[in-house]
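Below is one structure; the comments refer to it alone.
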Amino acid sequence: MDATQWLLFILIVQIIHFAGTWKLYVKAGRKAWEAAIPVYNAIVLMQIINRPKWWTVLLFIPIINLLMFPIVWIETIRSFGRNSTADTWLVILTLGFYIYYVNYALDVKYIENRNLHPQTATGEWVSSIAFAIIAATLVHTYFIQPYVIPTPSLERTLRVGDLLFVSKFHYGARTPMTTVAAPMVHDTLPLLHVKSYLDKPQLPYFRIPGFTKVDRNDIVVFSWPADTVRQFFKKEKGVRKPIDKKSNYVKRCVGIPGDSLAVIDGYVYINGKQLQLSDRAKPQYDYALYSSKGVSSKLLEKVDATGYDRKYIINSLNQQQLNAIQKYVRGYRQRNDGKLEVYTKYTGIPQSVARKNAISMVEETALKRIVPLTDEMVEVLKKESSLDSIVRIVEAKGVAGGNIFPQSPDYPWNYDQMGPIYIPEKGATVSLNLKTLPLYKKIIRDYEGNTLSVSGNQIIINGQATDKYTFKQDYYWMMGDNRDHSEDSRAWGYVPENHIVGTPIFIWLSVDNFNDGILNWKPRWDRIFTTVNGEGEPVSYFKYFLIALVAYFVGSWLWNKKKAKA
């Protein structure tokens, strides 16, 4: 919706409000015209229903207002004596239009000093729950949002199973653009697996001022620009999502507006100089480990490596044994000698499971294994005499990779070799030709809402031939620290400023085996209650939290005991 459409929409809402309430305003001792003045009518209505004037602010906060409207409808009819359960349901189910019936068809009287406290225990419970939801939605939407790391793209800086608090106020909260949506959920309703929002109407993008801007090395949560997925891991036709209902991703910002970025041998270069990561960053790259004796999984466990595969040789399996190991297995292969090759992720098949189910298995230690490793892991493994060599795997320059931005044969890039590429800055102008168009096509058409076509050698934007383009907003380049196992800007390109959500600030829980079910979770005590940003090794404040919690309860008990004696 453009500005004219929004003004028209607001005018219609005001007319509906005036037509349905003006007689009630008069009965409450106010003037009829007071029901027609935008904002002022809301302040007057709060006085009529004997509620604080600051409620008016909540009526204009997207998403929060959807929760407040039913409450105000109910409070309005109750101010005129309509207190029954039937009245309450009628005003809710008619989306407030029951007030028209009260306004025109009933001879109601205004109750100036009505009792504002719920008359029943159920009413008290409903009232408490309603305002708890409003408060939680306000915090969730505009201040702090919980987030979980579901994939290893930032290993080992942020790990699968890290449960985070994401700050929205650092960069400034992005006000919701989707006006009609279920609170406290993202794009899908739990259990029902249907979308949680209506596509229209949409508010224009607006961000509340923050106290910092996205910078290089920041870990950033953002709406995935390329998201057309209604439900992950389900094959179906793509959908077009509003910006604020796209799936949230978390990566490291490595390029900011105005930068010239290149990836050389997997390392990021900004304006010709290699980007120096913060000391808390633990980037991983794929290495090939060689050993004439076989590369042992125990050796990899010693450095706490993850992300590699394991292979077991099993003589035979009956159905019961197969069911017992099924959740650990990624695939099988029947060998010519009748034995089974069983493939698992790095956690393998627990020995306890094998013993319990009488499974005879031997893990095969390959002479070469591909493993994602940090620099620290590599240094430790270099000291192992059982390894012959450790070689970092780097794709060659000029060899086009699969699914690499900008998906053009003119740019034979891959994850290890790409660029240089300009990171667009708001107000900057670039030259356009058929060679550079693939770099900016998505920005021009999808992110900034222009029509775009090509006729021969001419580029046509909004019906006009042009050889340049001026950007309307800033853009960023995001990459995962697990460099060879991260779908990021190298695949789908720039992240628009209006897609930025916030930055992780605190890990409140961290567990191993996160995707294997809650019964298999194993706490990582050294990561619980740690900060995400800062310098040096993260320090867990969990024990200090427990001490403070015990002190609080002991103090409360002693205080209550002292008061009882007095």
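Going by the structure tokens order, chains are called A, B, ..., each with residues numbered from 1, while ligands are numbered from 1 in the order shown.
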Each residue of stretch 289-392 of chain A with at least one atom at most 10 Å from stretch 513-531 of chain A should appear once, together with its nearest atom pair and the corresponding distance in Å (one decimal); atoms considered: only C-alpha atoms; ordering: chain, then increasing residue number; output as CSV.
residue,atom,partner,partner_atom,distance
A:Lys327,CA,A:Asp516,CA,8.4
A:Tyr328,CA,A:Asp516,CA,9.2
A:Thr347,CA,A:Asn513,CA,8.9
(request) Excluding A:Ser455 and any residue of its chain fewer than 2 positions from it, enumerate the residues within 12 Å of it, using only C-alpha atoms, and give them as a ChimeraX atom specification. (result) /A:433-434,452-453,457-461,463-466
Can you pull out every residue from stretch 452-507 of chain A that DSSP, working from the backbone, puts in strand (DSSP E), and format the result as a compact mmCIF listing (two decimals) with all heavy atoms, in the first residue's frame?
# COMPACT_ATOMS: atom_id res chain seq x y z
N LEU A 452 11.86 -4.09 -14.62
CA LEU A 452 13.15 -4.23 -15.28
C LEU A 452 13.01 -5.15 -16.48
O LEU A 452 12.42 -6.24 -16.38
CB LEU A 452 14.19 -4.80 -14.30
CG LEU A 452 15.57 -5.15 -14.86
CD1 LEU A 452 16.30 -3.90 -15.32
CD2 LEU A 452 16.40 -5.90 -13.81
N SER A 453 13.55 -4.71 -17.60
CA SER A 453 13.56 -5.56 -18.79
C SER A 453 14.78 -5.21 -19.63
O SER A 453 15.43 -4.19 -19.43
CB SER A 453 12.27 -5.36 -19.60
OG SER A 453 12.17 -4.01 -20.05
N VAL A 454 15.07 -6.10 -20.57
CA VAL A 454 16.21 -5.90 -21.48
C VAL A 454 15.70 -6.02 -22.90
O VAL A 454 15.01 -6.99 -23.25
CB VAL A 454 17.33 -6.92 -21.21
CG1 VAL A 454 18.44 -6.76 -22.23
CG2 VAL A 454 17.88 -6.76 -19.80
N SER A 455 16.04 -5.03 -23.72
CA SER A 455 15.67 -5.06 -25.13
C SER A 455 16.94 -4.87 -25.95
O SER A 455 17.51 -3.77 -26.02
CB SER A 455 14.67 -3.94 -25.44
OG SER A 455 14.34 -3.92 -26.81
N GLN A 458 19.80 -2.69 -24.63
CA GLN A 458 19.25 -1.66 -23.76
C GLN A 458 18.68 -2.25 -22.48
O GLN A 458 18.00 -3.28 -22.51
CB GLN A 458 18.16 -0.86 -24.47
CG GLN A 458 18.66 0.26 -25.36
CD GLN A 458 17.53 1.20 -25.75
OE1 GLN A 458 16.39 0.79 -25.89
NE2 GLN A 458 17.85 2.47 -25.93
N ILE A 459 18.95 -1.57 -21.36
CA ILE A 459 18.35 -1.93 -20.08
C ILE A 459 17.24 -0.92 -19.80
O ILE A 459 17.48 0.30 -19.83
CB ILE A 459 19.41 -1.90 -18.97
CG1 ILE A 459 20.49 -2.97 -19.24
CG2 ILE A 459 18.77 -2.13 -17.60
CD1 ILE A 459 21.69 -2.85 -18.35
N ILE A 460 16.06 -1.42 -19.52
CA ILE A 460 14.89 -0.56 -19.33
C ILE A 460 14.37 -0.71 -17.91
O ILE A 460 13.98 -1.81 -17.49
CB ILE A 460 13.79 -0.89 -20.35
CG1 ILE A 460 14.34 -0.72 -21.78
CG2 ILE A 460 12.57 0.00 -20.14
CD1 ILE A 460 13.43 -1.27 -22.86
N ILE A 461 14.39 0.40 -17.14
CA ILE A 461 13.89 0.41 -15.76
C ILE A 461 12.70 1.36 -15.69
O ILE A 461 12.81 2.54 -16.07
CB ILE A 461 14.98 0.86 -14.78
CG1 ILE A 461 16.16 -0.14 -14.81
CG2 ILE A 461 14.43 0.96 -13.35
CD1 ILE A 461 17.32 0.26 -13.92
N GLN A 464 11.94 3.27 -18.84
CA GLN A 464 12.93 4.20 -19.38
C GLN A 464 14.27 3.49 -19.61
O GLN A 464 14.76 2.80 -18.72
CB GLN A 464 13.13 5.38 -18.42
CG GLN A 464 11.88 6.20 -18.15
CD GLN A 464 11.41 6.97 -19.37
OE1 GLN A 464 12.24 7.49 -20.13
NE2 GLN A 464 10.10 7.05 -19.56
N ALA A 465 14.84 3.70 -20.79
CA ALA A 465 16.17 3.15 -21.06
C ALA A 465 17.20 3.89 -20.21
O ALA A 465 17.14 5.11 -20.04
CB ALA A 465 16.51 3.29 -22.53
N THR A 466 18.14 3.14 -19.64
CA THR A 466 19.13 3.76 -18.76
C THR A 466 20.43 2.97 -18.78
O THR A 466 20.45 1.79 -19.16
CB THR A 466 18.60 3.84 -17.30
OG1 THR A 466 19.54 4.54 -16.48
CG2 THR A 466 18.38 2.45 -16.74
N LYS A 468 22.53 3.51 -15.91
CA LYS A 468 22.98 3.67 -14.52
C LYS A 468 21.82 3.45 -13.56
O LYS A 468 20.66 3.45 -13.97
CB LYS A 468 23.60 5.06 -14.31
CG LYS A 468 22.65 6.21 -14.59
CD LYS A 468 23.37 7.54 -14.47
CE LYS A 468 22.43 8.70 -14.82
NZ LYS A 468 23.12 10.01 -14.72
N TYR A 469 22.18 3.23 -12.29
CA TYR A 469 21.14 3.03 -11.28
C TYR A 469 21.63 3.57 -9.94
O TYR A 469 22.79 3.39 -9.58
CB TYR A 469 20.79 1.54 -11.13
CG TYR A 469 19.66 1.31 -10.14
CD1 TYR A 469 18.35 1.56 -10.50
CD2 TYR A 469 19.94 0.89 -8.83
CE1 TYR A 469 17.32 1.39 -9.60
CE2 TYR A 469 18.91 0.70 -7.93
CZ TYR A 469 17.60 0.96 -8.31
OH TYR A 469 16.58 0.80 -7.41
N THR A 470 20.73 4.25 -9.20
CA THR A 470 21.04 4.80 -7.88
C THR A 470 20.28 3.99 -6.82
O THR A 470 19.06 3.84 -6.91
CB THR A 470 20.64 6.28 -7.80
OG1 THR A 470 21.35 7.02 -8.80
CG2 THR A 470 20.98 6.84 -6.42
N TYR A 475 23.11 -2.06 1.65
CA TYR A 475 23.17 -3.51 1.53
C TYR A 475 24.39 -4.05 2.27
O TYR A 475 25.37 -3.32 2.50
CB TYR A 475 23.19 -3.93 0.05
CG TYR A 475 21.88 -3.65 -0.63
CD1 TYR A 475 21.61 -2.38 -1.13
CD2 TYR A 475 20.90 -4.62 -0.72
CE1 TYR A 475 20.39 -2.09 -1.72
CE2 TYR A 475 19.67 -4.34 -1.32
CZ TYR A 475 19.42 -3.07 -1.81
OH TYR A 475 18.21 -2.79 -2.38
N TYR A 476 24.32 -5.33 2.62
CA TYR A 476 25.38 -5.97 3.41
C TYR A 476 25.71 -7.33 2.80
O TYR A 476 24.93 -7.90 2.04
CB TYR A 476 24.93 -6.14 4.87
CG TYR A 476 24.61 -4.82 5.55
CD1 TYR A 476 23.32 -4.27 5.47
CD2 TYR A 476 25.59 -4.10 6.23
CE1 TYR A 476 23.02 -3.05 6.06
CE2 TYR A 476 25.29 -2.89 6.82
CZ TYR A 476 24.02 -2.37 6.73
OH TYR A 476 23.73 -1.16 7.31
N TRP A 477 26.90 -7.83 3.17
CA TRP A 477 27.35 -9.15 2.70
C TRP A 477 27.56 -10.03 3.93
O TRP A 477 28.35 -9.70 4.80
CB TRP A 477 28.64 -9.02 1.90
CG TRP A 477 29.01 -10.23 1.10
CD1 TRP A 477 29.83 -11.26 1.47
CD2 TRP A 477 28.57 -10.53 -0.22
NE1 TRP A 477 29.93 -12.18 0.47
CE2 TRP A 477 29.16 -11.76 -0.60
CE3 TRP A 477 27.73 -9.90 -1.13
CZ2 TRP A 477 28.94 -12.35 -1.83
CZ3 TRP A 477 27.51 -10.49 -2.37
CH2 TRP A 477 28.12 -11.70 -2.70
N MET A 478 26.81 -11.13 4.01
CA MET A 478 26.81 -12.02 5.17
C MET A 478 27.41 -13.38 4.81
O MET A 478 27.08 -13.95 3.76
CB MET A 478 25.39 -12.21 5.69
CG MET A 478 24.62 -10.93 5.96
SD MET A 478 25.24 -10.05 7.41
CE MET A 478 24.07 -8.67 7.46
N MET A 479 28.27 -13.89 5.71
CA MET A 479 28.86 -15.21 5.49
C MET A 479 28.92 -15.98 6.81
O MET A 479 29.04 -15.39 7.89
CB MET A 479 30.27 -15.09 4.89
CG MET A 479 30.26 -14.64 3.44
SD MET A 479 31.90 -14.29 2.75
CE MET A 479 32.76 -15.83 3.00
N VAL A 495 22.26 -8.60 1.30
CA VAL A 495 21.19 -8.53 2.29
C VAL A 495 20.76 -7.07 2.41
O VAL A 495 21.55 -6.22 2.82
CB VAL A 495 21.64 -9.06 3.66
CG1 VAL A 495 20.53 -8.86 4.70
CG2 VAL A 495 22.00 -10.54 3.56
N PRO A 496 19.51 -6.73 2.04
CA PRO A 496 19.05 -5.34 2.14
C PRO A 496 18.94 -4.87 3.59
O PRO A 496 18.68 -5.69 4.49
CB PRO A 496 17.66 -5.38 1.47
CG PRO A 496 17.62 -6.66 0.71
CD PRO A 496 18.51 -7.61 1.44
N ILE A 500 17.33 -6.51 7.99
CA ILE A 500 18.09 -6.69 9.23
C ILE A 500 17.12 -6.80 10.42
O ILE A 500 16.22 -5.97 10.58
CB ILE A 500 19.06 -5.51 9.46
CG1 ILE A 500 20.04 -5.40 8.30
CG2 ILE A 500 19.80 -5.68 10.79
CD1 ILE A 500 20.97 -6.58 8.13
N VAL A 501 17.32 -7.80 11.26
CA VAL A 501 16.47 -8.02 12.44
C VAL A 501 17.16 -7.57 13.71
O VAL A 501 16.61 -6.80 14.50
CB VAL A 501 16.07 -9.51 12.56
CG1 VAL A 501 15.30 -9.77 13.85
CG2 VAL A 501 15.23 -9.93 11.36
N GLY A 502 18.38 -8.04 13.97
CA GLY A 502 19.07 -7.69 15.21
C GLY A 502 20.39 -8.41 15.33
O GLY A 502 20.91 -8.99 14.36
N THR A 503 20.94 -8.42 16.55
CA THR A 503 22.21 -9.08 16.79
C THR A 503 22.13 -9.94 18.05
O THR A 503 21.55 -9.53 19.06
CB THR A 503 23.35 -8.05 16.95
OG1 THR A 503 24.60 -8.73 17.14
CG2 THR A 503 23.11 -7.10 18.11
N PRO A 504 22.66 -11.18 18.02
CA PRO A 504 22.65 -12.02 19.22
C PRO A 504 23.52 -11.41 20.31
O PRO A 504 24.62 -10.91 20.03
CB PRO A 504 23.24 -13.35 18.74
CG PRO A 504 23.17 -13.31 17.26
CD PRO A 504 23.28 -11.88 16.88
N ILE A 505 23.04 -11.43 21.55
CA ILE A 505 23.82 -10.84 22.64
C ILE A 505 24.12 -11.81 23.78
O ILE A 505 25.07 -11.61 24.53
CB ILE A 505 23.12 -9.60 23.23
CG1 ILE A 505 21.69 -9.94 23.67
CG2 ILE A 505 23.10 -8.46 22.21
CD1 ILE A 505 20.98 -8.80 24.38
N PHE A 506 23.32 -12.90 23.90
CA PHE A 506 23.46 -13.72 25.10
C PHE A 506 23.02 -15.15 24.80
O PHE A 506 21.98 -15.38 24.16
CB PHE A 506 22.58 -13.12 26.20
CG PHE A 506 22.79 -13.73 27.57
CD1 PHE A 506 23.96 -13.49 28.28
CD2 PHE A 506 21.82 -14.52 28.16
CE1 PHE A 506 24.15 -14.03 29.54
CE2 PHE A 506 22.00 -15.07 29.42
CZ PHE A 506 23.17 -14.82 30.11
N ILE A 507 23.82 -16.13 25.21
CA ILE A 507 23.47 -17.55 25.11
C ILE A 507 22.93 -17.98 26.48
O ILE A 507 23.68 -18.03 27.45
CB ILE A 507 24.68 -18.41 24.72
CG1 ILE A 507 25.24 -17.96 23.37
CG2 ILE A 507 24.29 -19.89 24.68
CD1 ILE A 507 26.55 -18.64 22.99
(message) Could you list, as number ranges by chain, every residue within 9 Å of A:Asp474, counting only C-alpha atoms and ignoring same-chain residues fewer than 5 positions away?
(response) A: 256-258, 423-427, 495-498
Can you write out the residues you just picked, keeping all heavy atoms, as an mmCIF file, in the first residue's frame?
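Listed below is the output, again-v4.cif:
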data_model
loop_
_atom_site.group_PDB
_atom_site.id
_atom_site.type_symbol
_atom_site.label_atom_id
_atom_site.label_comp_id
_atom_site.auth_asym_id
_atom_site.auth_seq_id
_atom_site.Cartn_x
_atom_site.Cartn_y
_atom_site.Cartn_z
ATOM 1 N N ILE A 256 30.151 -4.174 4.380
ATOM 2 C CA ILE A 256 29.169 -3.140 4.673
ATOM 3 C C ILE A 256 29.042 -2.211 3.464
ATOM 4 O O ILE A 256 29.857 -2.277 2.539
ATOM 5 C CB ILE A 256 29.543 -2.345 5.941
ATOM 6 C CG1 ILE A 256 30.885 -1.630 5.772
ATOM 7 C CG2 ILE A 256 29.576 -3.255 7.164
ATOM 8 C CD1 ILE A 256 31.250 -0.729 6.947
ATOM 9 N N PRO A 257 28.016 -1.349 3.442
ATOM 10 C CA PRO A 257 27.796 -0.479 2.276
ATOM 11 C C PRO A 257 29.043 0.313 1.883
ATOM 12 O O PRO A 257 29.713 0.905 2.733
ATOM 13 C CB PRO A 257 26.680 0.454 2.758
ATOM 14 C CG PRO A 257 25.946 -0.336 3.785
ATOM 15 C CD PRO A 257 26.967 -1.168 4.467
ATOM 16 N N GLY A 258 29.353 0.290 0.597
ATOM 17 C CA GLY A 258 30.510 1.022 0.071
ATOM 18 C C GLY A 258 31.775 0.201 -0.043
ATOM 19 O O GLY A 258 32.747 0.637 -0.679
ATOM 20 N N ILE A 423 29.633 -3.548 -2.667
ATOM 21 C CA ILE A 423 28.499 -3.661 -1.751
ATOM 22 C C ILE A 423 27.727 -2.343 -1.825
ATOM 23 O O ILE A 423 28.245 -1.308 -1.407
ATOM 24 C CB ILE A 423 28.939 -3.940 -0.302
ATOM 25 C CG1 ILE A 423 29.973 -5.073 -0.258
ATOM 26 C CG2 ILE A 423 27.724 -4.254 0.569
ATOM 27 C CD1 ILE A 423 29.481 -6.391 -0.772
ATOM 28 N N PRO A 424 26.516 -2.342 -2.366
ATOM 29 C CA PRO A 424 25.802 -1.085 -2.644
ATOM 30 C C PRO A 424 25.510 -0.258 -1.393
ATOM 31 O O PRO A 424 25.170 -0.791 -0.336
ATOM 32 C CB PRO A 424 24.493 -1.562 -3.286
ATOM 33 C CG PRO A 424 24.828 -2.885 -3.886
ATOM 34 C CD PRO A 424 25.798 -3.510 -2.917
ATOM 35 N N GLU A 425 25.643 1.062 -1.574
ATOM 36 C CA GLU A 425 25.384 2.029 -0.517
ATOM 37 C C GLU A 425 24.237 2.941 -0.949
ATOM 38 O O GLU A 425 24.142 3.327 -2.119
ATOM 39 C CB GLU A 425 26.640 2.849 -0.254
ATOM 40 C CG GLU A 425 26.522 3.853 0.873
ATOM 41 C CD GLU A 425 27.837 4.564 1.131
ATOM 42 O OE1 GLU A 425 28.713 4.561 0.225
ATOM 43 O OE2 GLU A 425 28.007 5.124 2.220
ATOM 44 N N LYS A 426 23.363 3.271 -0.010
ATOM 45 C CA LYS A 426 22.229 4.141 -0.315
ATOM 46 C C LYS A 426 22.723 5.452 -0.936
ATOM 47 O O LYS A 426 23.616 6.106 -0.401
ATOM 48 C CB LYS A 426 21.423 4.426 0.954
ATOM 49 C CG LYS A 426 20.200 5.292 0.735
ATOM 50 C CD LYS A 426 19.437 5.513 2.029
ATOM 51 C CE LYS A 426 18.215 6.390 1.789
ATOM 52 N NZ LYS A 426 17.437 6.617 3.042
ATOM 53 N N GLY A 427 22.118 5.824 -2.067
ATOM 54 C CA GLY A 427 22.482 7.069 -2.737
ATOM 55 C C GLY A 427 23.602 6.931 -3.745
ATOM 56 O O GLY A 427 23.827 7.847 -4.540
ATOM 57 N N VAL A 495 22.263 -8.601 1.298
ATOM 58 C CA VAL A 495 21.186 -8.528 2.289
ATOM 59 C C VAL A 495 20.759 -7.066 2.408
ATOM 60 O O VAL A 495 21.551 -6.217 2.825
ATOM 61 C CB VAL A 495 21.637 -9.060 3.658
ATOM 62 C CG1 VAL A 495 20.528 -8.859 4.702
ATOM 63 C CG2 VAL A 495 21.996 -10.538 3.560
ATOM 64 N N PRO A 496 19.513 -6.728 2.044
ATOM 65 C CA PRO A 496 19.053 -5.339 2.136
ATOM 66 C C PRO A 496 18.939 -4.875 3.588
ATOM 67 O O PRO A 496 18.684 -5.686 4.495
ATOM 68 C CB PRO A 496 17.663 -5.377 1.474
ATOM 69 C CG PRO A 496 17.624 -6.662 0.707
ATOM 70 C CD PRO A 496 18.515 -7.613 1.440
ATOM 71 N N GLU A 497 19.100 -3.578 3.793
ATOM 72 C CA GLU A 497 19.013 -3.018 5.145
ATOM 73 C C GLU A 497 17.656 -3.280 5.772
ATOM 74 O O GLU A 497 17.560 -3.508 6.984
ATOM 75 C CB GLU A 497 19.289 -1.506 5.077
ATOM 76 C CG GLU A 497 19.606 -0.858 6.423
ATOM 77 C CD GLU A 497 18.361 -0.424 7.158
ATOM 78 O OE1 GLU A 497 17.302 -0.243 6.512
ATOM 79 O OE2 GLU A 497 18.428 -0.273 8.391
ATOM 80 N N ASN A 498 16.588 -3.297 4.973
ATOM 81 C CA ASN A 498 15.262 -3.518 5.549
ATOM 82 C C ASN A 498 15.016 -4.973 5.937
ATOM 83 O O ASN A 498 13.940 -5.307 6.465
ATOM 84 C CB ASN A 498 14.153 -3.009 4.611
ATOM 85 C CG ASN A 498 14.107 -3.740 3.279
ATOM 86 O OD1 ASN A 498 14.810 -4.727 3.052
ATOM 87 N ND2 ASN A 498 13.279 -3.237 2.367
#
(message) Which residue is closest to A:Thr179? Choose from A:Phe60, A:Phe131, A:Phe211, A:Tyr147 and count only C-alpha atoms.
(response) A:Phe60
Pick out the residues sitting within 8 Å of stretch 299-308 of chain A, and hand them over as a tab-separated table (two decimals) with N, CA and C atoms, in the first residue's frame; count only C-alpha atoms, and ignore anything fewer than 6 positions along from it in its own chain.
chain	number	residue	atom	x	y	z
A	345	LYS	N	26.53	-39.72	10.84
A	345	LYS	CA	27.20	-38.44	11.05
A	345	LYS	C	28.30	-38.65	12.09
A	346	TYR	N	28.94	-37.58	12.50
A	346	TYR	CA	30.15	-37.67	13.33
A	346	TYR	C	29.91	-38.30	14.70
A	369	ARG	N	40.20	-38.47	5.05
A	369	ARG	CA	38.91	-37.99	5.54
A	369	ARG	C	38.83	-36.48	5.39
A	370	ILE	N	37.65	-36.02	5.01
A	370	ILE	CA	37.40	-34.58	4.87
A	370	ILE	C	36.71	-34.11	6.15
A	371	VAL	N	37.33	-33.12	6.81
A	371	VAL	CA	36.83	-32.66	8.10
A	371	VAL	C	36.90	-31.13	8.18
A	372	PRO	N	35.83	-30.46	8.59
A	372	PRO	CA	35.92	-29.01	8.84
A	372	PRO	C	36.66	-28.75	10.16
A	373	LEU	N	37.69	-27.91	10.12
A	373	LEU	CA	38.54	-27.68	11.28
A	373	LEU	C	38.82	-26.19	11.47
A	377	MET	N	42.38	-26.39	15.93
A	377	MET	CA	42.32	-27.85	15.75
A	377	MET	C	43.44	-28.33	14.85
A	380	VAL	N	46.73	-28.59	16.67
A	380	VAL	CA	46.81	-29.77	17.54
A	380	VAL	C	47.05	-31.03	16.71
A	381	LEU	N	46.31	-31.17	15.61
A	381	LEU	CA	46.42	-32.38	14.79
A	381	LEU	C	47.77	-32.49	14.09
(message) For a test of reading the model, state the distance in Å between atom CA of A:Gly419 and atom CA of A:His499, rounded to one decimal.
(response) 23.1 Å
(message) Show me, as an MDAnalysis selection string, the residues that have an atom within 10 Å of A:Leu275 when counting only C-alpha atoms, minus same-chain residues fewer than 6 positions from it.
(response) chainID A and resid 216:217 254:255 261 267:269
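Interatomic distance, atom CA of A:Glu379 to atom CA of A:Arg490: 28.1 Å.
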(message) From the options A:Arg174, A:Arg240, A:Lys435, A:Lys23, which residue's atoms come nearest to A:Ile99, counting only C-alpha atoms?
(response)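 Closest to A:Ile99 of all the choices is A:Lys23.
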(message) Excluding A:Asp187 and its own-chain neighbours fewer than 4 positions away, which residues fall within 10 Å of it when counting only C-alpha atoms? Please give them as a PyMOL selection string.
(response) chain A and resi 181-182+193-197+230-231+241-242+244-247
(message) Between atom CA of A:Val329 and atom CA of A:Tyr343, what is the distance in Å, rounded to a tenth?
(response)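 Answer for the atom CA of A:Val329 to atom CA of A:Tyr343 separation: 5.9 Å.
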(request) Rank nothing, just name the residue among A:Ile359, A:Ile144, A:Val399, A:Val532 nearest to A:Asp279, using only C-alpha atoms. (result) A:Val532
Output as a tab-separated table one row per residue of stretch 213-307 of chain A within 12 Å of stretch 153-156 of chain A: the closest atom pair and its distance in Å to one decimal place, counting only C-alpha atoms, sorted by chain and residue number ascending.
residue	atom	partner	partner_atom	distance
A:Ile219	CA	A:Leu154	CA	9.4
A:Val220	CA	A:Leu154	CA	11.1
A:Val221	CA	A:Leu154	CA	11.9
A:Tyr249	CA	A:Ser153	CA	9.8
A:Val250	CA	A:Leu154	CA	8.0
A:Lys251	CA	A:Leu154	CA	6.6
A:Arg252	CA	A:Leu154	CA	7.9
A:Cys253	CA	A:Leu154	CA	11.7
A:Arg280	CA	A:Arg156	CA	9.7
A:Ala281	CA	A:Arg156	CA	7.9
A:Lys282	CA	A:Arg156	CA	5.4
A:Pro283	CA	A:Arg156	CA	6.7
A:Gln284	CA	A:Glu155	CA	7.0
A:Tyr285	CA	A:Glu155	CA	10.2
A:Asp304	CA	A:Arg156	CA	10.3
A:Ala305	CA	A:Arg156	CA	9.5
A:Thr306	CA	A:Glu155	CA	9.0
A:Gly307	CA	A:Glu155	CA	9.5
Write the residues of the selection above to a file with N, CA, C and O atoms, as a tab-separated table (two decimals), in the first residue's frame.
chain	number	residue	atom	x	y	z
A	219	ILE	N	27.85	-10.29	14.28
A	219	ILE	CA	26.97	-11.42	14.00
A	219	ILE	C	25.55	-10.87	13.94
A	219	ILE	O	25.11	-10.18	14.87
A	220	VAL	N	24.87	-11.14	12.85
A	220	VAL	CA	23.61	-10.47	12.56
A	220	VAL	C	22.50	-11.49	12.27
A	220	VAL	O	22.73	-12.46	11.54
A	221	VAL	N	21.33	-11.25	12.85
A	221	VAL	CA	20.13	-12.00	12.49
A	221	VAL	C	19.37	-11.17	11.46
A	221	VAL	O	19.17	-9.96	11.66
A	249	TYR	N	17.73	-15.85	9.44
A	249	TYR	CA	19.05	-16.47	9.35
A	249	TYR	C	20.01	-15.70	10.26
A	249	TYR	O	19.76	-14.54	10.59
A	250	VAL	N	21.10	-16.35	10.64
A	250	VAL	CA	22.14	-15.67	11.41
A	250	VAL	C	23.49	-15.96	10.77
A	250	VAL	O	23.84	-17.11	10.51
A	251	LYS	N	24.23	-14.90	10.45
A	251	LYS	CA	25.55	-15.01	9.82
A	251	LYS	C	26.43	-13.89	10.36
A	251	LYS	O	25.99	-13.03	11.12
A	252	ARG	N	27.67	-13.88	9.90
A	252	ARG	CA	28.58	-12.79	10.24
A	252	ARG	C	28.60	-11.78	9.10
A	252	ARG	O	28.74	-12.15	7.93
A	253	CYS	N	28.47	-10.50	9.43
A	253	CYS	CA	28.59	-9.45	8.42
A	253	CYS	C	30.06	-9.25	8.09
A	253	CYS	O	30.86	-8.93	8.98
A	280	ARG	N	37.00	-13.76	19.06
A	280	ARG	CA	36.01	-14.78	19.42
A	280	ARG	C	35.54	-15.57	18.21
A	280	ARG	O	34.86	-16.58	18.36
A	281	ALA	N	35.86	-15.11	17.03
A	281	ALA	CA	35.48	-15.83	15.81
A	281	ALA	C	36.33	-17.09	15.68
A	281	ALA	O	37.54	-17.06	15.88
A	282	LYS	N	35.67	-18.20	15.33
A	282	LYS	CA	36.38	-19.47	15.16
A	282	LYS	C	35.99	-20.06	13.80
A	282	LYS	O	35.26	-21.05	13.72
A	283	PRO	N	36.49	-19.45	12.73
A	283	PRO	CA	36.11	-19.95	11.39
A	283	PRO	C	36.64	-21.35	11.13
A	283	PRO	O	37.72	-21.71	11.60
A	284	GLN	N	35.88	-22.11	10.40
A	284	GLN	CA	36.26	-23.47	10.01
A	284	GLN	C	36.39	-23.57	8.50
A	284	GLN	O	35.63	-22.93	7.77
A	285	TYR	N	37.36	-24.38	8.06
A	285	TYR	CA	37.54	-24.68	6.65
A	285	TYR	C	37.69	-26.19	6.51
A	285	TYR	O	38.14	-26.88	7.44
A	304	ASP	N	37.50	-32.36	19.33
A	304	ASP	CA	36.08	-31.97	19.34
A	304	ASP	C	35.61	-31.53	17.97
A	304	ASP	O	34.81	-30.60	17.83
A	305	ALA	N	36.13	-32.19	16.92
A	305	ALA	CA	35.70	-31.87	15.56
A	305	ALA	C	34.28	-32.39	15.32
A	305	ALA	O	33.85	-33.37	15.94
A	306	THR	N	33.56	-31.74	14.44
A	306	THR	CA	32.20	-32.15	14.06
A	306	THR	C	32.08	-32.04	12.55
A	306	THR	O	32.98	-31.56	11.86
A	307	GLY	N	30.94	-32.49	12.02
A	307	GLY	CA	30.65	-32.29	10.61
A	307	GLY	C	31.27	-33.30	9.67
A	307	GLY	O	31.23	-33.09	8.46
(request) Skip stretch 43-45 of chain A itself and residues of its chain fewer than 3 positions away, then list as a ChimeraX atom specification all residues within 9 Å of it, counting only C-alpha atoms. (result) /A:25,30,34-35,39-40,48-56,72,76
